[in-house]
Each structure stands twice: as structure tokens, then as C-alpha cells.
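Colleague: Take this structure, written in C-alpha cells, and hold onto it; I'll ask about it next.
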Amino acid sequence: MHRPQHVNIWSGFLKKCLLVYSGVYAVVAIAAEPAQLFEPIRSVLQHPRCQNCHIPGDQPLQYDQGKPHAMLVQRGIDGKGMPAMECSSCHQEKNSPTVMGLHAPPGAPHWQLPPPGNKMVFIGLSPKDLCMVLKDPARNGGRDGQKLITHFADDKLVAWGWNPGGNRTLPPLTKAQTVTAVKQWVDAGMPCPA
């Protein structure tokens, strides 16, 4: 049976790219080219909910504009802040009640930055460089592919990114879509874009 040419063209298109709706990755195509599998993950990691804490310097960022954290907050020796200004002083185990306003401190278990010896920087990296950081256990907190999947699926601080409270924007993929994208990328051998 011969399929019409427009069906073959559409089928080929789906096999070579990610489905995109309004600039947001809605579905990760199972048959995507291996090097394209990282793009949905990159779009999440370089969203303000993630990259504001995965910083090259020692002062975390705030808001979608990536402004330096108020009160000169710093990373500290373990990523949990400086003495008398620990992250947990303001960031509790859950988001502040809405009665405290839209800009009240967000919260999640073990709120902190990555430690200074392993900053896991997401800001300013090319897709290839970010991919190389994420797949390298020496630079990603000692995680192999399966541990990365677990990190995205189960870590409560990571999960906060999809429940940030206030008027904070959400990453372009849902948590479930992100976990699926990470699984697909890991299963494909963690390929990086050129």
C-alpha cells in the first residue's frame, strides 16, 4: 500500500525533531535524533527555577530576571549559606503561606545551593557543555544515569521547581515530562548535541 507523499513527509518530520507547541516542548518524540534528546532537558535546566541556584559565582539569583539575591546571601562552605545567614533561616521545608505575599521566601526540604567544590553551573553554558556537565559524575554530584533519573523523579528540592509558589513561572516541561525526557536521554546513552 502506498501512502500519500504528505503523510511520508509528516512522518519524517516527527522522526527528526521534537514536537513543539507555542515554543514549549509538549512531547519528546521517541524517534528523535539522539543528539536532540537533550534539548528538552536543557530547556528545564536553563529556566530560572533551576539556573538561579546553579550559578558560577557564590550569590544565588532571584526572580525570572536572575537578579542577585537580596541581602548579599552567599553560598557558604557547604552550599547552605554563611553563618548567621543560612538558607534555612528564610527558606523553610515548604513554601511560605500565601498570606505572606507573592514574594515570600519559597521553601522545600534541604534548601541549598550546590556546594562550592561542585557548583553544577547551568548558566551561560552551551547545550553541549551543559550536557557534558550533567552526564559527568565528577561534575554532577556523583550521579550515573540511573541516579540522575532518581534525582529528577524523587528529590524534593528539585520537585519544588514545579511548585514554586508566589507568582514564579514554571519550567517549560512538567515534572513528569522532564523525568520522561531524562529517562529517554539516559536510555539512549546520554548523547550530547554537537
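Ordered as shown in the C-alpha cells, chains take letters A, B, and onward, while each chain numbers its residues from 1 and ligands are numbered from 1 in the order shown.
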Compile the contact shell of Gly189 (chain A) as a list in words: residues with an atom at most 10 Å away, counting only C-alpha atoms, same-chain residues fewer than 6 positions apart removed.
Modeller: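 Counting only C-alpha atoms, the residues come to Pro34, Lys135, Gly145 and Lys183 of chain A.
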Colleague: Please save all heavy atoms of the selected residues as a tab-separated table (two decimals), in the first residue's frame.
Modeller:
chain	number	residue	atom	x	y	z
A	34	PRO	N	19.28	11.12	18.37
A	34	PRO	CA	19.88	11.05	19.72
A	34	PRO	C	20.39	12.38	20.24
A	34	PRO	O	20.19	12.71	21.41
A	34	PRO	CB	21.00	10.03	19.54
A	34	PRO	CG	20.53	9.16	18.43
A	34	PRO	CD	19.78	10.07	17.50
A	135	LYS	N	26.17	14.79	32.50
A	135	LYS	CA	26.46	13.35	32.39
A	135	LYS	C	27.76	12.93	33.08
A	135	LYS	O	28.06	11.75	33.16
A	135	LYS	CB	26.48	12.93	30.92
A	135	LYS	CG	27.65	13.47	30.11
A	135	LYS	CD	27.49	13.19	28.64
A	135	LYS	CE	28.07	11.87	28.25
A	135	LYS	NZ	27.95	11.58	26.82
A	145	GLY	N	23.63	7.58	35.20
A	145	GLY	CA	22.34	7.80	34.55
A	145	GLY	C	21.15	7.46	35.42
A	145	GLY	O	20.19	8.23	35.51
A	183	LYS	N	14.84	10.01	31.24
A	183	LYS	CA	14.90	8.56	31.01
A	183	LYS	C	15.25	8.24	29.57
A	183	LYS	O	16.09	7.37	29.30
A	183	LYS	CB	13.55	7.90	31.37
A	183	LYS	CG	13.29	7.78	32.85
A	183	LYS	CD	11.93	7.14	33.09
A	183	LYS	CE	11.62	7.06	34.57
A	183	LYS	NZ	10.26	6.55	34.83
Colleague: Compare A:Lys147, A:Arg139, A:Arg75, A:His91 by their minimum atom-to-atom distance to Leu113 (chain A), counting only C-alpha atoms, and give me the closest one.
Modeller: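 Closest candidate: A:Arg75.
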Colleague: What's the 8 Å shell around region 99-102 of chain A, counting only C-alpha atoms, without same-chain residues fewer than 6 positions away, as a ChimeraX atom specification?
Modeller: /A:165-167
Colleague: How would the residues just picked look written out with N, CA and C atoms as a PDB file, in the first residue's frame?
Modeller:
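Output saved as result-v5.pdb:
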ATOM      1  N   GLY A 165       5.354  28.312  44.156  1.00  0.00           N
ATOM      2  CA  GLY A 165       4.590  29.288  44.921  1.00  0.00           C
ATOM      3  C   GLY A 165       4.722  30.696  44.360  1.00  0.00           C
ATOM      4  N   GLY A 166       4.001  31.608  44.969  1.00  0.00           N
ATOM      5  CA  GLY A 166       4.049  33.013  44.539  1.00  0.00           C
ATOM      6  C   GLY A 166       3.666  33.158  43.079  1.00  0.00           C
ATOM      7  N   ASN A 167       4.247  34.147  42.435  1.00  0.00           N
ATOM      8  CA  ASN A 167       3.972  34.360  41.011  1.00  0.00           C
ATOM      9  C   ASN A 167       5.144  33.904  40.155  1.00  0.00           C
TER      10      ASN A 167
END
Colleague: Rank A:Ser43, A:Thr174, A:Gln74, A:Gln65 by their smallest atom-to-atom distance to Glu86 (chain A), using only C-alpha atoms, and report the top residue only.
Modeller: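 Nearest to Glu86 (chain A): A:Gln74.
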Colleague: Within 12 Å of region 120-131 of chain A, counting only C-alpha atoms, which residues show up once you throw out same-chain ones fewer than 3 positions away? Write them as JSON, numbers by chain, please.
Modeller: {"A": [35, 36, 37, 38, 39, 40, 41, 42, 43, 44, 45, 46, 47, 48, 49, 50, 51, 52, 53, 54, 55, 56, 57, 58, 60, 61, 66, 79, 113, 114, 115, 116, 117, 134, 135, 136, 137, 138, 139, 140, 141, 142, 143, 182, 185, 186, 189, 190, 191, 192, 193, 194]}
Colleague: Looking at A:Ala84, A:Leu170, A:Val158, A:Cys90, which one is nearest to Ala70 (chain A), with distances taken over only C-alpha atoms?
Modeller: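 Checking each of A:Ala84, A:Leu170, A:Val158, A:Cys90 against Ala70 (chain A), counting only C-alpha atoms, the winner is A:Cys90.
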Colleague: Could you name the residues that touch Met85 (chain A) at 10 Å or less, counting only C-alpha atoms, but leaving out those on the same chain fewer than 3 positions away, as a list of chain:residue names?
Modeller: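 Everything that qualifies: A:Met71, A:Leu72, A:Val73, A:Gln74, A:Arg75, A:Gly76, A:Lys80, A:Gly81, A:Met82, A:Ser88, A:Ser89, A:Cys90.
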Colleague: Measure the distance from CA of His110 (chain A) to CA of Pro172 (chain A) in Å and round it to one decimal.
Modeller: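 Taking CA of His110 (chain A) and CA of Pro172 (chain A), their separation equals 24.1 Å.
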Colleague: Got a sec to tell me which of region 29-146 of chain A DSSP assigns to strand (DSSP E), as a list in words?
Modeller: Leu61, Gln62, Lys67, Pro68, Gly81, Met82, Met85 and Glu86 of chain A
Colleague: Keeping only N, CA and C atoms, write the selected residues as an mmCIF file, in the first residue's frame.
Modeller:
data_model
loop_
_atom_site.group_PDB
_atom_site.id
_atom_site.type_symbol
_atom_site.label_atom_id
_atom_site.label_comp_id
_atom_site.auth_asym_id
_atom_site.auth_seq_id
_atom_site.Cartn_x
_atom_site.Cartn_y
_atom_site.Cartn_z
ATOM 1 N N LEU A 61 20.648 33.696 42.592
ATOM 2 C CA LEU A 61 19.835 34.659 41.861
ATOM 3 C C LEU A 61 18.373 34.492 42.246
ATOM 4 N N GLN A 62 17.581 35.524 41.949
ATOM 5 C CA GLN A 62 16.155 35.528 42.267
ATOM 6 C C GLN A 62 15.357 35.981 41.056
ATOM 7 N N LYS A 67 18.071 38.224 39.140
ATOM 8 C CA LYS A 67 18.693 39.301 39.919
ATOM 9 C C LYS A 67 19.472 38.705 41.085
ATOM 10 N N PRO A 68 20.591 39.322 41.484
ATOM 11 C CA PRO A 68 21.327 38.819 42.656
ATOM 12 C C PRO A 68 20.417 38.774 43.885
ATOM 13 N N GLY A 81 24.695 28.430 52.852
ATOM 14 C CA GLY A 81 24.735 29.807 53.289
ATOM 15 C C GLY A 81 25.881 30.081 54.247
ATOM 16 N N MET A 82 26.026 31.342 54.590
ATOM 17 C CA MET A 82 27.080 31.783 55.508
ATOM 18 C C MET A 82 26.550 31.748 56.948
ATOM 19 N N MET A 85 23.434 33.517 58.286
ATOM 20 C CA MET A 85 22.593 33.770 57.103
ATOM 21 C C MET A 85 22.396 32.466 56.326
ATOM 22 N N GLU A 86 22.211 31.366 57.059
ATOM 23 C CA GLU A 86 21.992 30.090 56.396
ATOM 24 C C GLU A 86 20.698 30.143 55.581
#
Colleague: Could you check the closest approach to His69 (chain A) for each of A:Met132, A:Asp187, A:Pro105, A:His151 and tell me which residue wins, using only C-alpha atoms?
Modeller: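 Of A:Met132, A:Asp187, A:Pro105, A:His151, the one nearest His69 (chain A), counting only C-alpha atoms, is A:Pro105.
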Colleague: Nearest to Asp155 (chain A) among A:Pro83, A:Pro109, A:Pro171, A:Pro97, with distances taken over only C-alpha atoms: which residue is it?
Modeller: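 Of A:Pro83, A:Pro109, A:Pro171, A:Pro97, the one nearest Asp155 (chain A), counting only C-alpha atoms, is A:Pro109.
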Colleague: Taking the DSSP assignment computed from this structure's backbone, write out as a PDB file with N, CA and C atoms, in the first residue's frame all residues of region 21-140 of chain A that belong to alpha helix (DSSP H).
Modeller:
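This is the output file out.pdb:
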ATOM      1  N   GLU A  39      17.760  18.448  24.380  1.00  0.00           N
ATOM      2  CA  GLU A  39      17.169  19.796  24.298  1.00  0.00           C
ATOM      3  C   GLU A  39      16.025  20.023  25.287  1.00  0.00           C
ATOM      4  N   PRO A  40      15.067  19.104  25.452  1.00  0.00           N
ATOM      5  CA  PRO A  40      14.021  19.352  26.449  1.00  0.00           C
ATOM      6  C   PRO A  40      14.594  19.474  27.862  1.00  0.00           C
ATOM      7  N   ILE A  41      15.596  18.684  28.180  1.00  0.00           N
ATOM      8  CA  ILE A  41      16.235  18.744  29.499  1.00  0.00           C
ATOM      9  C   ILE A  41      16.925  20.092  29.664  1.00  0.00           C
ATOM     10  N   ARG A  42      17.640  20.525  28.635  1.00  0.00           N
ATOM     11  CA  ARG A  42      18.316  21.824  28.670  1.00  0.00           C
ATOM     12  C   ARG A  42      17.318  22.942  28.920  1.00  0.00           C
ATOM     13  N   SER A  43      16.153  22.861  28.270  1.00  0.00           N
ATOM     14  CA  SER A  43      15.154  23.930  28.421  1.00  0.00           C
ATOM     15  C   SER A  43      14.681  24.052  29.865  1.00  0.00           C
ATOM     16  N   VAL A  44      14.683  22.951  30.597  1.00  0.00           N
ATOM     17  CA  VAL A  44      14.292  22.978  32.009  1.00  0.00           C
ATOM     18  C   VAL A  44      15.456  23.475  32.867  1.00  0.00           C
ATOM     19  N   LEU A  45      16.636  22.921  32.654  1.00  0.00           N
ATOM     20  CA  LEU A  45      17.787  23.279  33.484  1.00  0.00           C
ATOM     21  C   LEU A  45      18.168  24.744  33.351  1.00  0.00           C
ATOM     22  N   PRO A  48      14.819  29.781  34.911  1.00  0.00           N
ATOM     23  CA  PRO A  48      15.172  30.393  36.196  1.00  0.00           C
ATOM     24  C   PRO A  48      14.943  29.522  37.421  1.00  0.00           C
ATOM     25  N   ARG A  49      13.927  28.641  37.407  1.00  0.00           N
ATOM     26  CA  ARG A  49      13.700  27.811  38.599  1.00  0.00           C
ATOM     27  C   ARG A  49      14.904  26.927  38.891  1.00  0.00           C
ATOM     28  N   CYS A  50      15.658  26.565  37.893  1.00  0.00           N
ATOM     29  CA  CYS A  50      16.852  25.730  38.110  1.00  0.00           C
ATOM     30  C   CYS A  50      18.127  26.569  38.123  1.00  0.00           C
ATOM     31  N   GLN A  51      18.299  27.376  37.100  1.00  0.00           N
ATOM     32  CA  GLN A  51      19.597  28.029  36.965  1.00  0.00           C
ATOM     33  C   GLN A  51      19.852  29.125  38.002  1.00  0.00           C
ATOM     34  N   PRO A 127      24.439  24.204  24.963  1.00  0.00           N
ATOM     35  CA  PRO A 127      23.773  22.920  25.187  1.00  0.00           C
ATOM     36  C   PRO A 127      24.766  21.761  25.325  1.00  0.00           C
ATOM     37  N   LYS A 128      25.793  21.741  24.493  1.00  0.00           N
ATOM     38  CA  LYS A 128      26.787  20.662  24.569  1.00  0.00           C
ATOM     39  C   LYS A 128      27.507  20.680  25.910  1.00  0.00           C
ATOM     40  N   ASP A 129      27.960  21.858  26.348  1.00  0.00           N
ATOM     41  CA  ASP A 129      28.693  21.953  27.614  1.00  0.00           C
ATOM     42  C   ASP A 129      27.810  21.592  28.802  1.00  0.00           C
ATOM     43  N   LEU A 130      26.554  22.024  28.779  1.00  0.00           N
ATOM     44  CA  LEU A 130      25.628  21.676  29.859  1.00  0.00           C
ATOM     45  C   LEU A 130      25.406  20.165  29.894  1.00  0.00           C
ATOM     46  N   CYS A 131      25.238  19.577  28.740  1.00  0.00           N
ATOM     47  CA  CYS A 131      25.064  18.133  28.641  1.00  0.00           C
ATOM     48  C   CYS A 131      26.279  17.405  29.226  1.00  0.00           C
ATOM     49  N   MET A 132      27.474  17.884  28.901  1.00  0.00           N
ATOM     50  CA  MET A 132      28.701  17.248  29.398  1.00  0.00           C
ATOM     51  C   MET A 132      28.789  17.345  30.923  1.00  0.00           C
ATOM     52  N   VAL A 133      28.353  18.466  31.495  1.00  0.00           N
ATOM     53  CA  VAL A 133      28.336  18.610  32.953  1.00  0.00           C
ATOM     54  C   VAL A 133      27.355  17.617  33.560  1.00  0.00           C
ATOM     55  N   LEU A 134      26.149  17.540  32.987  1.00  0.00           N
ATOM     56  CA  LEU A 134      25.113  16.704  33.573  1.00  0.00           C
ATOM     57  C   LEU A 134      25.470  15.221  33.529  1.00  0.00           C
ATOM     58  N   LYS A 135      26.175  14.786  32.505  1.00  0.00           N
ATOM     59  CA  LYS A 135      26.465  13.354  32.391  1.00  0.00           C
ATOM     60  C   LYS A 135      27.759  12.933  33.080  1.00  0.00           C
TER      61      LYS A 135
END
